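Trainee: Have a look at the structure that comes next, please.
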Amino acid sequence: MPKMFQSIGMRKQYKAQLVLFYWKKIVGKDIAANTRPIRISFTTLLISAKSSAWANNLMMMKLEIISKINSFIGDTLIKDIRFCSYRESEAAAEVEELPDGPDLGRLLHKVNLCEQERKIVTEKCSEIKDEALRSRLERLYQKQLQKEKLEKQYEYHSCRRCSTLCAKEKEYCTSCERVLRQEKETKIREILLSKPWARYSDIYEQLPCSREMVNRQRIRVLQRLAATVAPNDTKSLEARTLVMLYRSLPPDQLNEENITKALHRLRNDMMWPKTFKKKSGTVWQKQPLSAVVKK
């Protein structure tokens, strides 16, 4: 079965189902009795815990659980784990993805397989002794071949990064687009941490990207760094880095006055709500942090 699923491009889906099926065997009776694996999406496993105490304990064991899962499967299937409550997991389980565009089932029904393709399907499933299981897998394999023929009919092409078929107007499949975007965001954060005064033009020279993407990552780094700086701290390396990120000031332009002013304004921008009222009753619209970060 693993070979057959690999031949039809469903190896990862098959391994993901193995994790859900053998959850008790992987993590043990105690953890399995208080948790439930929900789904695996983009190398992230979503787990529901019976209580916040169990979620906190498992958070401390996250690396150990990831190692156990990947060792059991024999592949780097999981890279991160997220937790949710039982109520949230039940709501998530009810959500189903709706197909986009025309009715896929009707289109697949019109796609015919030739005799050679049917023969390949029979040969791939011939080693399975259980007749009912073999029949179901043959139908699954036939649907996969029909889907591939339908995608080629609509001028789908292979993703530049993997073998998955994607629409003709796209270079990469959805999964690879997400991975590439995450890699680019990581590189932007690395540039900002190594050169916090860098403006968009400086980053674009090293890594072509949108201004919006740079601003989002700048805000993300700002928020994380701001949580480590004490309110009255104006001299530490973290405080100076925070000012350079916020105002795009190079180190030679920093002094105690502009550091104090910048930190005060940054905390004001991060702590005030989006709207607030004066005594007269006039409503002022507060700008979001993305609007005040110097481009």
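Going through the structure tokens in order, the chains are called A, B, and so on, while each chain numbers its residues from 1 and the ligands are numbered from 1 in the order shown.
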Residues at most 9 Å from Leu225 in chain A, counting only C-alpha atoms, excluding those fewer than 2 positions away in the same chain, as a list in words?

Mentor: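 Counting only C-alpha atoms, the residues come to Arg220, Val221, Leu222, Gln223, Ala227, Thr228, Val229, Glu238, Ala239, Thr241 and Leu242 of chain A.
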
Trainee: Using only C-alpha atoms, which protein or nucleic acid residues come within 9 Å of range 173-178 of chain A? Drop anything in the same chain fewer than 5 positions from it, and give the result as an MDAnalysis selection string.

Mentor: chainID A and resid 42 158:162 164:167 183

Trainee: Grab the residues selected above and save them as an mmCIF file, in the first residue's frame with N, CA and C atoms.

Mentor:
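Wrote it out as selection_9.cif, contents follow:
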data_model
loop_
_atom_site.group_PDB
_atom_site.id
_atom_site.type_symbol
_atom_site.label_atom_id
_atom_site.label_comp_id
_atom_site.auth_asym_id
_atom_site.auth_seq_id
_atom_site.Cartn_x
_atom_site.Cartn_y
_atom_site.Cartn_z
ATOM 1 N N PHE A 42 0.466 21.418 6.380
ATOM 2 C CA PHE A 42 1.733 22.106 6.129
ATOM 3 C C PHE A 42 2.739 21.847 7.257
ATOM 4 N N SER A 158 3.323 20.944 -14.400
ATOM 5 C CA SER A 158 4.016 20.546 -13.181
ATOM 6 C C SER A 158 4.595 21.759 -12.477
ATOM 7 N N CYS A 159 4.469 21.768 -11.171
ATOM 8 C CA CYS A 159 5.047 22.832 -10.354
ATOM 9 C C CYS A 159 6.563 22.867 -10.551
ATOM 10 N N ARG A 160 7.140 24.061 -10.567
ATOM 11 C CA ARG A 160 8.582 24.202 -10.769
ATOM 12 C C ARG A 160 9.392 23.632 -9.619
ATOM 13 N N ARG A 161 8.732 23.444 -8.462
ATOM 14 C CA ARG A 161 9.438 22.974 -7.268
ATOM 15 C C ARG A 161 9.184 21.496 -6.985
ATOM 16 N N CYS A 162 7.988 21.029 -7.322
ATOM 17 C CA CYS A 162 7.650 19.617 -7.099
ATOM 18 C C CYS A 162 6.885 19.107 -8.318
ATOM 19 N N THR A 164 3.727 18.244 -8.452
ATOM 20 C CA THR A 164 2.287 18.480 -8.383
ATOM 21 C C THR A 164 1.830 19.368 -9.543
ATOM 22 N N LEU A 165 0.683 19.021 -10.125
ATOM 23 C CA LEU A 165 0.149 19.832 -11.210
ATOM 24 C C LEU A 165 -0.504 21.090 -10.652
ATOM 25 N N CYS A 166 -0.313 22.194 -11.345
ATOM 26 C CA CYS A 166 -0.918 23.452 -10.921
ATOM 27 C C CYS A 166 -1.463 24.188 -12.139
ATOM 28 N N ALA A 167 -2.310 25.182 -11.893
ATOM 29 C CA ALA A 167 -2.966 25.920 -12.970
ATOM 30 C C ALA A 167 -1.936 26.599 -13.863
ATOM 31 N N GLU A 183 9.873 31.092 3.460
ATOM 32 C CA GLU A 183 11.332 31.210 3.352
ATOM 33 C C GLU A 183 11.737 32.664 3.121
#

Trainee: Just give me the gap between CA of Ser135 in chain A and CA of Cys114 in chain A in Å, one decimal is fine.

Mentor: 18.3 Å

Trainee: Env of range 248-262 of chain A: 9 Å cut, atoms = only C-alpha atoms, seq-sep filter 6 positions within chain, self excluded. Answer as a short mmCIF file (atom, residue, chain, number, x, y, z; two decimals) with N, CA and C atoms, in the first residue's frame.

Mentor:
data_model
loop_
_atom_site.label_atom_id
_atom_site.label_comp_id
_atom_site.auth_asym_id
_atom_site.auth_seq_id
_atom_site.Cartn_x
_atom_site.Cartn_y
_atom_site.Cartn_z
N LYS A 195 20.66 44.00 10.20
CA LYS A 195 20.78 45.40 9.80
C LYS A 195 19.45 46.10 10.08
N PRO A 196 19.16 46.36 11.35
CA PRO A 196 17.82 46.86 11.73
C PRO A 196 17.43 48.20 11.14
N TRP A 197 18.39 49.00 10.71
CA TRP A 197 18.07 50.31 10.12
C TRP A 197 17.75 50.21 8.63
N ALA A 198 17.78 49.02 8.08
CA ALA A 198 17.56 48.84 6.63
C ALA A 198 16.16 49.28 6.24
N ARG A 199 16.08 50.05 5.16
CA ARG A 199 14.79 50.45 4.60
C ARG A 199 14.34 49.44 3.54
N ASN A 232 12.00 51.64 31.16
CA ASN A 232 12.95 52.75 31.32
C ASN A 232 14.31 52.48 30.67
N ASP A 233 14.39 51.42 29.91
CA ASP A 233 15.66 51.05 29.29
C ASP A 233 15.89 51.86 28.02
N THR A 234 16.97 52.63 27.98
CA THR A 234 17.31 53.41 26.78
C THR A 234 18.76 53.17 26.35
N LYS A 235 19.48 52.31 27.06
CA LYS A 235 20.90 52.16 26.79
C LYS A 235 21.30 50.75 26.33
N ALA A 239 17.29 47.88 23.26
CA ALA A 239 16.56 49.15 23.13
C ALA A 239 17.04 49.93 21.90
N ARG A 240 18.34 49.94 21.66
CA ARG A 240 18.88 50.66 20.49
C ARG A 240 18.44 49.97 19.19
N THR A 241 18.46 48.64 19.22
CA THR A 241 18.00 47.89 18.04
C THR A 241 16.53 48.17 17.76
N LEU A 242 15.74 48.27 18.82
CA LEU A 242 14.32 48.56 18.68
C LEU A 242 14.09 49.91 18.00
N VAL A 293 5.17 52.99 11.15
CA VAL A 293 6.53 52.49 10.94
C VAL A 293 7.13 53.22 9.76
N LYS A 294 8.29 53.77 9.92
CA LYS A 294 8.90 54.57 8.86
C LYS A 294 9.26 53.68 7.70
N LYS A 295 8.84 54.05 6.50
CA LYS A 295 9.09 53.23 5.31
C LYS A 295 10.56 53.29 4.95
#

Trainee: Write out as a ChimeraX atom specification which residues come within 12 Å of Leu18 in chain A when counting only C-alpha atoms, dropping same-chain ones fewer than 3 positions away.

Mentor: /A:2,11-15,21-26,37,39-40,69-70,72-74,77

Trainee: Taking the backbone alone, and naming residues the way the document does, which bits of range 84-250 of chain A are helix (DSSP H, G or I) by DSSP, as number ranges by chain?

Mentor: A: 86-94, 104-109, 115-124, 131-153, 174-194, 200-206, 211-226, 237-247

Trainee: CA of Leu20 in chain A and CA of Cys84 in chain A, how far apart in Å?

Mentor: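 Distance reported for this atom pair: 16.0 Å.
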
Trainee: Report, in Å to a single decimal, how far apart CA of His109 in chain A and CA of Ser41 in chain A are.

Mentor: 28.8 Å

Trainee: With distances taken over only C-alpha atoms, which residue among A:Ile31, A:Ile120, A:Met213, A:Ile128 lies nearest Tyr141 in chain A?

Mentor: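 The answer is A:Ile120, which sits nearest to Tyr141 in chain A.
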
Trainee: Just the residues within 12 Å of Arg118 in chain A, please, counting only C-alpha atoms, with nothing from its chain fewer than 2 positions along; format it as a CSV table (one decimal) with C-alpha atoms, in the first residue's frame.

Mentor:
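What ended up in around-v9.csv:
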chain,number,residue,atom,x,y,z
A,112,ASN,CA,-12.4,8.0,-19.7
A,113,LEU,CA,-9.3,5.8,-19.1
A,114,CYS,CA,-7.8,3.7,-21.8
A,115,GLU,CA,-7.2,0.0,-21.6
A,116,GLN,CA,-3.5,0.5,-20.8
A,120,ILE,CA,-1.8,-0.3,-14.8
A,121,VAL,CA,-4.4,0.2,-12.0
A,122,THR,CA,-5.0,-3.5,-11.8
A,123,GLU,CA,-1.3,-4.3,-11.6
A,124,LYS,CA,-0.6,-1.8,-8.9
A,125,CYS,CA,-3.3,-3.2,-6.7
A,138,GLU,CA,-8.5,0.5,-7.6
A,139,ARG,CA,-11.4,3.1,-7.7
A,141,TYR,CA,-6.3,5.1,-8.2
A,142,GLN,CA,-8.7,5.4,-11.2
A,143,LYS,CA,-10.0,8.7,-9.8
A,144,GLN,CA,-6.5,10.0,-9.4
A,145,LEU,CA,-5.6,9.1,-13.0
A,146,GLN,CA,-8.8,10.8,-14.2

Trainee: Need to verify the contact set: Ala49 in chain A, 9 Å, only C-alpha atoms, exclusion of same-chain residues closer than 5 positions in sequence. Can you return it as JSON, numbers by chain?

Mentor: {"A": [34, 35, 36, 37, 54, 55, 58, 83, 84, 85, 86]}
